[in-house]
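S.K.: input-v7.cif is reproduced below (mmCIF, C-alpha atoms).
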data_query
#
loop_
_atom_site.group_PDB
_atom_site.id
_atom_site.type_symbol
_atom_site.label_atom_id
_atom_site.label_comp_id
_atom_site.auth_asym_id
_atom_site.auth_seq_id
_atom_site.Cartn_x
_atom_site.Cartn_y
_atom_site.Cartn_z
ATOM 1 C CA MET M 1 -16.789 -15.991 4.349
ATOM 2 C CA LYS M 2 -15.864 -12.603 2.886
ATOM 3 C CA LYS M 3 -18.629 -10.597 1.252
ATOM 4 C CA HIS M 4 -18.164 -9.742 -2.417
ATOM 5 C CA LYS M 5 -17.207 -6.162 -3.376
ATOM 6 C CA SER M 6 -17.715 -4.477 -6.746
ATOM 7 C CA GLY M 7 -17.004 -0.967 -7.914
ATOM 8 C CA PHE M 8 -16.227 1.413 -10.748
ATOM 9 C CA ILE M 9 -12.788 3.007 -10.368
ATOM 10 C CA ASN M 10 -12.415 5.955 -12.727
ATOM 11 C CA ILE M 11 -8.954 7.292 -13.566
ATOM 12 C CA ILE M 12 -8.636 11.003 -14.348
ATOM 13 C CA GLY M 13 -5.806 13.527 -14.596
ATOM 14 C CA ASN M 14 -3.949 15.970 -16.832
ATOM 15 C CA PRO M 15 -2.601 14.744 -20.189
ATOM 16 C CA ASN M 16 0.543 12.624 -20.113
ATOM 17 C CA VAL M 17 0.621 11.960 -16.352
ATOM 18 C CA GLY M 18 0.565 8.182 -16.895
ATOM 19 C CA LYS M 19 -3.150 7.347 -16.550
ATOM 20 C CA SER M 20 -3.055 4.737 -19.304
ATOM 21 C CA THR M 21 0.165 3.201 -17.979
ATOM 22 C CA LEU M 22 -1.429 3.015 -14.533
ATOM 23 C CA MET M 23 -4.606 1.344 -15.779
ATOM 24 C CA ASN M 24 -2.714 -1.144 -17.918
ATOM 25 C CA ALA M 25 -0.518 -2.010 -14.923
ATOM 26 C CA LEU M 26 -3.524 -2.438 -12.609
ATOM 27 C CA VAL M 27 -5.456 -4.517 -15.158
ATOM 28 C CA GLY M 28 -2.459 -6.482 -16.412
ATOM 29 C CA GLU M 29 -3.275 -5.886 -20.096
ATOM 30 C CA ASN M 30 -2.447 -3.141 -22.600
ATOM 31 C CA LEU M 31 -5.947 -1.742 -23.108
ATOM 32 C CA SER M 32 -5.088 1.964 -23.379
ATOM 33 C CA ILE M 33 -2.706 3.713 -25.739
ATOM 34 C CA ILE M 34 0.635 4.437 -24.109
ATOM 35 C CA SER M 35 2.625 7.203 -25.784
ATOM 36 C CA PRO M 36 4.985 9.962 -24.652
ATOM 37 C CA LYS M 37 2.705 12.337 -26.563
ATOM 38 C CA ALA M 38 -0.141 13.996 -24.622
ATOM 39 C CA GLN M 39 -3.881 13.463 -25.197
ATOM 40 C CA THR M 40 -3.624 9.973 -26.667
ATOM 41 C CA THR M 41 -6.707 8.608 -24.863
ATOM 42 C CA ARG M 42 -9.948 9.970 -26.332
ATOM 43 C CA HIS M 43 -12.628 7.573 -25.068
ATOM 44 C CA ARG M 44 -13.441 6.022 -21.719
ATOM 45 C CA ILE M 45 -11.914 2.560 -21.809
ATOM 46 C CA MET M 46 -12.838 -0.004 -19.181
ATOM 47 C CA GLY M 47 -10.603 -2.759 -17.854
ATOM 48 C CA ILE M 48 -12.019 -5.374 -15.501
ATOM 49 C CA VAL M 49 -10.062 -7.086 -12.716
ATOM 50 C CA ASN M 50 -11.621 -10.043 -10.907
ATOM 51 C CA GLY M 51 -10.693 -11.612 -7.600
ATOM 52 C CA GLU M 52 -12.472 -14.317 -5.662
ATOM 53 C CA ASP M 53 -14.347 -11.747 -3.594
ATOM 54 C CA PHE M 54 -14.150 -8.588 -5.725
ATOM 55 C CA GLN M 55 -14.613 -7.106 -9.171
ATOM 56 C CA LEU M 56 -12.897 -3.812 -10.007
ATOM 57 C CA VAL M 57 -13.988 -2.002 -13.160
ATOM 58 C CA TYR M 58 -11.273 0.501 -14.069
ATOM 59 C CA SER M 59 -12.033 3.299 -16.518
ATOM 60 C CA ASP M 60 -9.309 5.282 -18.288
ATOM 61 C CA THR M 61 -10.410 8.735 -19.434
ATOM 62 C CA PRO M 62 -9.067 11.482 -21.725
ATOM 63 C CA GLY M 63 -6.539 13.902 -20.263
ATOM 64 C CA ILE M 64 -8.018 17.040 -18.710
ATOM 65 C CA VAL M 65 -7.856 20.083 -21.014
ATOM 66 C CA ASN M 66 -9.584 23.399 -21.565
ATOM 67 C CA PRO M 67 -11.683 22.586 -24.660
ATOM 68 C CA ALA M 68 -10.409 24.195 -27.861
ATOM 69 C CA TYR M 69 -12.938 22.552 -30.203
ATOM 70 C CA LYS M 70 -15.916 20.171 -30.250
ATOM 71 C CA LEU M 71 -13.779 17.035 -29.921
ATOM 72 C CA HIS M 72 -12.301 18.375 -26.652
ATOM 73 C CA GLU M 73 -15.799 19.209 -25.376
ATOM 74 C CA GLY M 74 -16.889 15.621 -25.941
ATOM 75 C CA MET M 75 -13.749 14.296 -24.256
ATOM 76 C CA MET M 76 -14.304 16.516 -21.188
ATOM 77 C CA GLU M 77 -17.887 15.252 -20.916
ATOM 78 C CA PHE M 78 -16.391 11.760 -20.497
ATOM 79 C CA VAL M 79 -14.261 13.114 -17.621
ATOM 80 C CA LYS M 80 -17.173 14.893 -15.902
ATOM 81 C CA THR M 81 -19.294 11.747 -16.163
ATOM 82 C CA ALA M 82 -16.397 9.735 -14.738
ATOM 83 C CA ILE M 83 -16.446 11.891 -11.582
ATOM 84 C CA ASP M 84 -20.203 11.501 -11.192
ATOM 85 C CA ASP M 85 -20.572 7.758 -11.730
ATOM 86 C CA ALA M 86 -17.513 6.449 -9.863
ATOM 87 C CA ASP M 87 -17.377 4.392 -6.693
ATOM 88 C CA CYS M 88 -13.764 5.494 -6.368
ATOM 89 C CA ILE M 89 -11.741 8.104 -8.274
ATOM 90 C CA LEU M 90 -8.056 7.629 -9.022
ATOM 91 C CA PHE M 91 -6.816 11.168 -9.619
ATOM 92 C CA VAL M 92 -3.338 10.929 -11.151
ATOM 93 C CA VAL M 93 -0.737 13.711 -10.981
ATOM 94 C CA GLU M 94 2.958 13.829 -11.777
ATOM 95 C CA SER M 95 5.496 14.261 -9.015
ATOM 96 C CA THR M 96 5.781 17.990 -9.790
ATOM 97 C CA ASP M 97 2.136 18.641 -10.772
ATOM 98 C CA LYS M 98 0.324 21.360 -8.842
ATOM 99 C CA LYS M 99 -2.389 22.362 -11.333
ATOM 100 C CA VAL M 100 -5.455 20.891 -13.013
ATOM 101 C CA LYS M 101 -5.795 22.094 -16.594
ATOM 102 C CA ASN M 102 -9.534 22.671 -16.267
ATOM 103 C CA GLU M 103 -10.874 24.502 -13.193
ATOM 104 C CA ASP M 104 -14.347 22.956 -13.552
ATOM 105 C CA ILE M 105 -12.852 19.485 -13.166
ATOM 106 C CA LEU M 106 -10.944 20.543 -10.016
ATOM 107 C CA LYS M 107 -14.163 21.995 -8.557
ATOM 108 C CA GLY M 108 -15.930 18.741 -9.337
ATOM 109 C CA LEU M 109 -13.265 16.822 -7.426
ATOM 110 C CA GLN M 110 -13.444 19.204 -4.470
ATOM 111 C CA GLN M 111 -17.242 18.942 -4.271
ATOM 112 C CA THR M 112 -17.733 15.221 -4.843
ATOM 113 C CA ASN M 113 -18.485 12.771 -2.039
ATOM 114 C CA VAL M 114 -16.898 9.934 -4.011
ATOM 115 C CA PRO M 115 -13.700 8.621 -2.329
ATOM 116 C CA ILE M 116 -10.592 9.977 -4.065
ATOM 117 C CA ILE M 117 -7.239 8.215 -4.156
ATOM 118 C CA LEU M 118 -4.708 10.780 -5.364
ATOM 119 C CA VAL M 119 -1.864 8.970 -7.091
ATOM 120 C CA ILE M 120 1.412 10.896 -7.364
ATOM 121 C CA ASN M 121 2.915 9.083 -10.348
ATOM 122 C CA LYS M 122 6.436 8.985 -11.812
ATOM 123 C CA ILE M 123 8.136 9.164 -8.421
ATOM 124 C CA ASP M 124 11.165 7.614 -10.131
ATOM 125 C CA ASN M 125 11.626 11.027 -11.792
ATOM 126 C CA ILE M 126 11.727 13.154 -8.635
ATOM 127 C CA SER M 127 14.951 15.007 -7.871
ATOM 128 C CA SER M 128 14.522 15.018 -4.078
ATOM 129 C CA GLN M 129 12.296 13.960 -1.235
ATOM 130 C CA GLU M 130 11.602 17.638 -0.593
ATOM 131 C CA GLU M 131 10.095 17.973 -4.080
ATOM 132 C CA LEU M 132 7.758 15.044 -3.383
ATOM 133 C CA ASN M 133 6.840 16.496 0.030
ATOM 134 C CA GLN M 134 5.883 19.822 -1.577
ATOM 135 C CA THR M 135 3.624 18.057 -4.087
ATOM 136 C CA PHE M 136 2.087 16.014 -1.277
ATOM 137 C CA GLU M 137 1.376 19.109 0.825
ATOM 138 C CA HIS M 138 -0.125 20.983 -2.123
ATOM 139 C CA TRP M 139 -2.650 18.260 -2.916
ATOM 140 C CA ASN M 140 -3.348 17.547 0.743
ATOM 141 C CA THR M 141 -4.498 21.188 0.966
ATOM 142 C CA ALA M 142 -6.397 21.219 -2.352
ATOM 143 C CA LEU M 143 -8.139 17.859 -1.756
ATOM 144 C CA PRO M 144 -8.018 17.244 2.002
ATOM 145 C CA LYS M 145 -10.339 14.213 1.898
ATOM 146 C CA ALA M 146 -8.181 12.344 -0.621
ATOM 147 C CA THR M 147 -5.891 9.436 0.211
ATOM 148 C CA ILE M 148 -2.492 10.280 -1.313
ATOM 149 C CA LEU M 149 -0.152 7.539 -2.557
ATOM 150 C CA PRO M 150 3.182 7.951 -4.396
ATOM 151 C CA VAL M 151 3.730 5.350 -7.156
ATOM 152 C CA SER M 152 5.616 4.541 -10.318
ATOM 153 C CA ALA M 153 3.111 2.979 -12.717
ATOM 154 C CA LEU M 154 5.891 2.314 -15.247
ATOM 155 C CA HIS M 155 7.898 0.277 -12.744
ATOM 156 C CA LYS M 156 4.777 -1.062 -10.953
ATOM 157 C CA SER M 157 6.021 0.402 -7.683
ATOM 158 C CA ASN M 158 3.561 0.688 -4.752
ATOM 159 C CA LEU M 159 0.593 -0.493 -6.832
ATOM 160 C CA ASP M 160 -0.251 -3.008 -4.096
ATOM 161 C CA GLN M 161 -1.051 -0.042 -1.840
ATOM 162 C CA VAL M 162 -3.322 1.415 -4.525
ATOM 163 C CA LEU M 163 -5.214 -1.875 -4.742
ATOM 164 C CA LYS M 164 -5.512 -2.041 -0.940
ATOM 165 C CA ALA M 165 -6.848 1.545 -0.793
ATOM 166 C CA ILE M 166 -9.422 0.803 -3.513
ATOM 167 C CA LEU M 167 -10.666 -2.344 -1.776
ATOM 168 C CA ASN M 168 -11.085 -0.332 1.431
ATOM 169 C CA VAL M 169 -13.593 2.075 -0.150
ATOM 170 C CA ILE M 170 -15.588 0.224 -2.818
ATOM 171 C CA PRO M 171 -18.997 -1.071 -1.737
ATOM 172 C CA GLU M 172 -20.228 -4.609 -1.284
ATOM 173 C CA GLY M 173 -22.145 -5.927 -4.267
ATOM 174 C CA GLU M 174 -22.451 -8.540 -6.978
ATOM 175 C CA PRO M 175 -20.215 -8.428 -10.102
ATOM 176 C CA PHE M 176 -21.323 -6.041 -12.842
ATOM 177 C CA PHE M 177 -19.806 -8.208 -15.591
ATOM 178 C CA PRO M 178 -19.150 -11.939 -16.062
ATOM 179 C CA LYS M 179 -16.019 -12.918 -14.145
ATOM 180 C CA ASP M 180 -14.123 -13.925 -17.283
ATOM 181 C CA GLU M 181 -14.535 -10.570 -19.035
ATOM 182 C CA LEU M 182 -11.554 -8.236 -19.411
ATOM 183 C CA THR M 183 -13.173 -5.112 -20.898
ATOM 184 C CA ASP M 184 -16.456 -3.617 -22.099
ATOM 185 C CA LYS M 185 -14.936 -2.724 -25.460
ATOM 186 C CA THR M 186 -14.975 -4.905 -28.591
ATOM 187 C CA MET M 187 -12.041 -6.337 -30.534
ATOM 188 C CA ARG M 188 -13.108 -3.962 -33.306
ATOM 189 C CA PHE M 189 -12.585 -0.972 -30.989
ATOM 190 C CA PHE M 190 -9.116 -2.122 -29.925
ATOM 191 C CA ALA M 191 -8.074 -2.737 -33.526
ATOM 192 C CA GLY M 192 -8.805 0.936 -34.204
ATOM 193 C CA GLU M 193 -6.928 2.019 -31.075
ATOM 194 C CA ILE M 194 -3.876 -0.021 -32.074
ATOM 195 C CA VAL M 195 -3.795 1.617 -35.517
ATOM 196 C CA ARG M 196 -4.136 5.028 -33.843
ATOM 197 C CA GLU M 197 -1.311 4.168 -31.438
ATOM 198 C CA LYS M 198 0.964 3.444 -34.410
ATOM 199 C CA ILE M 199 0.096 6.823 -35.920
ATOM 200 C CA PHE M 200 1.326 8.451 -32.700
ATOM 201 C CA ALA M 201 4.499 6.354 -32.933
ATOM 202 C CA HIS M 202 5.312 7.143 -36.591
ATOM 203 C CA TYR M 203 4.277 10.790 -37.045
ATOM 204 C CA THR M 204 5.121 14.058 -35.295
ATOM 205 C CA GLN M 205 3.633 17.482 -34.582
ATOM 206 C CA GLU M 206 -0.098 17.871 -35.227
ATOM 207 C CA ILE M 207 -0.571 14.835 -37.503
ATOM 208 C CA PRO M 208 -1.571 12.257 -34.822
ATOM 209 C CA TYR M 209 -3.999 14.729 -33.235
ATOM 210 C CA SER M 210 -5.655 15.370 -36.599
ATOM 211 C CA CYS M 211 -6.351 11.669 -37.200
ATOM 212 C CA GLU M 212 -9.228 9.416 -36.213
ATOM 213 C CA VAL M 213 -9.361 5.710 -37.030
ATOM 214 C CA GLU M 214 -12.604 4.054 -38.074
ATOM 215 C CA ILE M 215 -12.869 0.281 -38.498
ATOM 216 C CA GLU M 216 -15.090 -0.186 -41.548
ATOM 217 C CA PHE M 217 -15.191 -3.969 -41.315
ATOM 218 C CA PHE M 218 -13.909 -6.680 -38.986
ATOM 219 C CA LYS M 219 -14.428 -10.155 -40.475
ATOM 220 C CA GLU M 220 -13.442 -12.364 -37.556
ATOM 221 C CA HIS M 221 -14.779 -15.620 -39.023
ATOM 222 C CA THR M 222 -12.329 -15.562 -41.944
ATOM 223 C CA THR M 223 -8.789 -16.953 -41.943
ATOM 224 C CA PRO M 224 -6.884 -14.731 -41.569
ATOM 225 C CA VAL M 225 -9.166 -12.208 -39.821
ATOM 226 C CA HIS M 226 -9.842 -9.476 -42.410
ATOM 227 C CA ILE M 227 -9.870 -5.915 -41.042
ATOM 228 C CA GLY M 228 -10.466 -2.702 -42.961
ATOM 229 C CA ALA M 229 -9.419 0.563 -41.279
ATOM 230 C CA VAL M 230 -9.911 4.148 -42.436
ATOM 231 C CA ILE M 231 -7.659 6.914 -41.148
ATOM 232 C CA HIS M 232 -9.619 10.166 -41.233
ATOM 233 C CA VAL M 233 -7.597 13.376 -41.539
ATOM 234 C CA GLU M 234 -8.709 17.003 -41.676
ATOM 235 C CA ARG M 235 -6.824 18.227 -44.746
ATOM 236 C CA GLU M 236 -5.486 16.948 -48.065
ATOM 237 C CA THR M 237 -1.900 17.822 -47.088
ATOM 238 C CA GLN M 238 -2.211 15.568 -44.022
ATOM 239 C CA LYS M 239 -3.343 12.701 -46.232
ATOM 240 C CA GLY M 240 -0.118 12.992 -48.221
ATOM 241 C CA ILE M 241 1.984 12.979 -45.037
ATOM 242 C CA ILE M 242 0.180 9.902 -43.668
ATOM 243 C CA ILE M 243 0.671 7.945 -46.901
ATOM 244 C CA GLY M 244 4.276 9.061 -47.430
ATOM 245 C CA LYS M 245 6.404 8.768 -50.544
ATOM 246 C CA GLY M 246 5.394 5.674 -52.462
ATOM 247 C CA GLY M 247 3.069 4.695 -49.604
ATOM 248 C CA LYS M 248 6.050 3.787 -47.410
ATOM 249 C CA LYS M 249 4.906 5.525 -44.189
ATOM 250 C CA LEU M 250 1.426 4.011 -44.297
ATOM 251 C CA LYS M 251 2.956 0.597 -44.960
ATOM 252 C CA TRP M 252 5.037 0.892 -41.779
ATOM 253 C CA VAL M 253 1.946 1.807 -39.763
ATOM 254 C CA GLY M 254 0.078 -1.160 -41.214
ATOM 255 C CA GLN M 255 2.876 -3.624 -40.508
ATOM 256 C CA ASP M 256 3.301 -2.526 -36.895
ATOM 257 C CA ALA M 257 -0.460 -2.406 -36.253
ATOM 258 C CA ARG M 258 -1.038 -5.846 -37.786
ATOM 259 C CA LYS M 259 1.576 -7.450 -35.506
ATOM 260 C CA ASP M 260 0.030 -5.924 -32.371
ATOM 261 C CA ILE M 261 -3.542 -6.764 -33.410
ATOM 262 C CA GLU M 262 -2.479 -10.374 -34.032
ATOM 263 C CA ALA M 263 -0.893 -10.523 -30.565
ATOM 264 C CA PHE M 264 -4.014 -8.984 -29.000
ATOM 265 C CA ILE M 265 -6.623 -11.252 -30.626
ATOM 266 C CA GLY M 266 -4.432 -14.358 -30.929
ATOM 267 C CA LYS M 267 -5.127 -14.857 -34.655
ATOM 268 C CA LYS M 268 -3.519 -14.060 -37.986
ATOM 269 C CA VAL M 269 -4.744 -10.780 -39.490
ATOM 270 C CA PHE M 270 -4.998 -9.284 -42.966
ATOM 271 C CA LEU M 271 -5.162 -5.520 -42.395
ATOM 272 C CA GLU M 272 -6.104 -2.979 -45.060
ATOM 273 C CA ILE M 273 -5.719 0.729 -44.261
ATOM 274 C CA PHE M 274 -7.166 3.593 -46.283
ATOM 275 C CA VAL M 275 -6.821 7.354 -45.743
ATOM 276 C CA LYS M 276 -9.760 9.730 -46.166
ATOM 277 C CA VAL M 277 -10.074 13.506 -45.832
ATOM 278 C CA SER M 278 -12.986 14.366 -43.502
ATOM 279 C CA LYS M 279 -12.677 18.135 -43.469
ATOM 280 C CA ASP M 280 -12.447 19.665 -39.961
ATOM 281 C CA TRP M 281 -13.886 16.485 -38.419
ATOM 282 C CA LYS M 282 -12.886 17.583 -34.891
ATOM 283 C CA SER M 283 -15.433 20.419 -35.064
ATOM 284 C CA GLN M 284 -18.282 18.635 -36.874
ATOM 285 C CA PRO M 285 -21.005 17.374 -34.471
ATOM 286 C CA LYS M 286 -22.324 14.811 -36.988
ATOM 287 C CA THR M 287 -18.879 13.268 -37.463
ATOM 288 C CA LEU M 288 -18.078 13.356 -33.736
ATOM 289 C CA ARG M 289 -21.388 11.585 -33.055
ATOM 290 C CA LYS M 290 -20.425 8.909 -35.585
ATOM 291 C CA PHE M 291 -17.074 8.416 -33.844
ATOM 292 C CA GLY M 292 -18.739 8.192 -30.402
ATOM 293 C CA TYR M 293 -17.542 11.488 -28.882
ATOM 294 C CA ILE M 294 -21.026 13.027 -28.650
ATOM 295 C CA GLN M 295 -23.718 10.850 -27.115
ATOM 296 C CA SER M 296 -26.881 12.814 -27.947
#
Can the structure in the file be given as structure tokens, please?
M.R.:
Amino acid sequence: MKKHKSGFINIIGNPNVGKSTLMNALVGENLSIISPKAQTTRHRIMGIVNGEDFQLVYSDTPGIVNPAYKLHEGMMEFVKTAIDDADCILFVVESTDKKVKNEDILKGLQQTNVPIILVINKIDNISSQEELNQTFEHWNTALPKATILPVSALHKSNLDQVLKAILNVIPEGEPFFPKDELTDKTMRFFAGEIVREKIFAHYTQEIPYSCEVEIEFFKEHTTPVHIGAVIHVERETQKGIIIGKGGKKLKWVGQDARKDIEAFIGKKVFLEIFVKVSKDWKSQPKTLRKFGYIQS
């Protein structure tokens, strides 16, 4: 009889390298925001995969940046913690990536004793085998202890090899969570993430990055489920852009978000969305603590 294995597999990498796409593909559910825009993931989001003799707890993390304000500092703390508390690190790079956008994070990877699986993602975009070989050689030099695997998370190519590599390095142990659980996050959390995803889909430039979504209430025992969301922006002008002429833009966001929330929770939803100016919220420790970016 096989012994049971359990482990935390933390996914890190530069913005927009496909970390969320990779986790969603490995978990089999859309738990993380997927957008062509960078820096869409702000929190650590866990997805749990169970087999008969294993439990894999994947954790998607914010993209690696050099912090420009307090929000970034909180996000990079999530990444540093993810290196420290992992049983296995999935470090994701693009097929042409040869830099980490924060030197401290690279040093942490070079110094850790945690097994690293370096995933070269988006191999469907490479122009030649030589280009892939150069990327491989670069990271083999920078992180010589890492196992390097080329994949396409979007097309689910070579993900079986990623799973095999993970199972080779995670320790034996009992499950950390009940075997029927999919994530450590609540439906309330994912409702907010879905609204935020729609903001990234409907607005351009700095607007999505200036927004945070707070779920004020989530009445799941009503029919339909009644959800109240607040979109926080930094300035009054941003509020006007979010709402749009005659409220049309905000209505589109609400319609799209409601459909996806209904599909996610399997119930009809009545979604109300409000917009509030929380001046310079990305630099305010009290507000960042409220939104869960600062833990102490």
S.K.: Which protein, DNA or RNA residues are at most 9 Å from (-11.7, 3.3, -5.0) in the file's coordinates when you count all atoms listed in the file, listed as a compact mmCIF listing (two decimals) with C-alpha atoms, in the frame of the given file?
M.R.:
# COMPACT_ATOMS: atom_id res chain seq x y z
CA GLY M 7 -17.00 -0.97 -7.91
CA PHE M 8 -16.23 1.41 -10.75
CA ILE M 9 -12.79 3.01 -10.37
CA ASN M 10 -12.42 5.96 -12.73
CA LEU M 56 -12.90 -3.81 -10.01
CA ALA M 86 -17.51 6.45 -9.86
CA ASP M 87 -17.38 4.39 -6.69
CA CYS M 88 -13.76 5.49 -6.37
CA ILE M 89 -11.74 8.10 -8.27
CA LEU M 90 -8.06 7.63 -9.02
CA VAL M 114 -16.90 9.93 -4.01
CA PRO M 115 -13.70 8.62 -2.33
CA ILE M 116 -10.59 9.98 -4.07
CA ILE M 117 -7.24 8.22 -4.16
CA VAL M 162 -3.32 1.42 -4.53
CA LEU M 163 -5.21 -1.88 -4.74
CA ALA M 165 -6.85 1.54 -0.79
CA ILE M 166 -9.42 0.80 -3.51
CA LEU M 167 -10.67 -2.34 -1.78
CA ASN M 168 -11.08 -0.33 1.43
CA VAL M 169 -13.59 2.08 -0.15
CA ILE M 170 -15.59 0.22 -2.82
S.K.: Which residue is closest to Glu174 (chain M)? Choose from M:Asn113, M:Thr135, M:Gln55, M:Ser210 and count all atoms listed in the file.
M.R.: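 Using all atoms listed in the file, Glu174 (chain M) sits closest to M:Gln55.
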S.K.: How many Å separate CA of Glu272 (chain M) from CA of Asn24 (chain M)?
M.R.: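 About the pair CA of Glu272 (chain M) and CA of Asn24 (chain M): they are 27.4 Å apart.
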S.K.: One decimal, Å: what's the distance from CA of Thr81 (chain M) over to CA of Thr61 (chain M), could you say?
M.R.: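 Computed distance, CA of Thr81 (chain M) to CA of Thr61 (chain M), equals 9.9 Å.
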S.K.: Which residues come within 7 Å of Glu172 (chain M), counting all atoms listed in the file, excluding same-chain residues fewer than 6 positions away, as a PDB file with C-alpha atoms, keeping the file's coordinate frame?
M.R.:
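Okay, result16.pdb is ready:
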ATOM      1  CA  LYS M   3     -18.629 -10.597   1.252  1.00  0.00           C
ATOM      2  CA  HIS M   4     -18.164  -9.742  -2.417  1.00  0.00           C
ATOM      3  CA  LYS M   5     -17.207  -6.162  -3.376  1.00  0.00           C
ATOM      4  CA  SER M   6     -17.715  -4.477  -6.746  1.00  0.00           C
TER       5      SER M   6
END
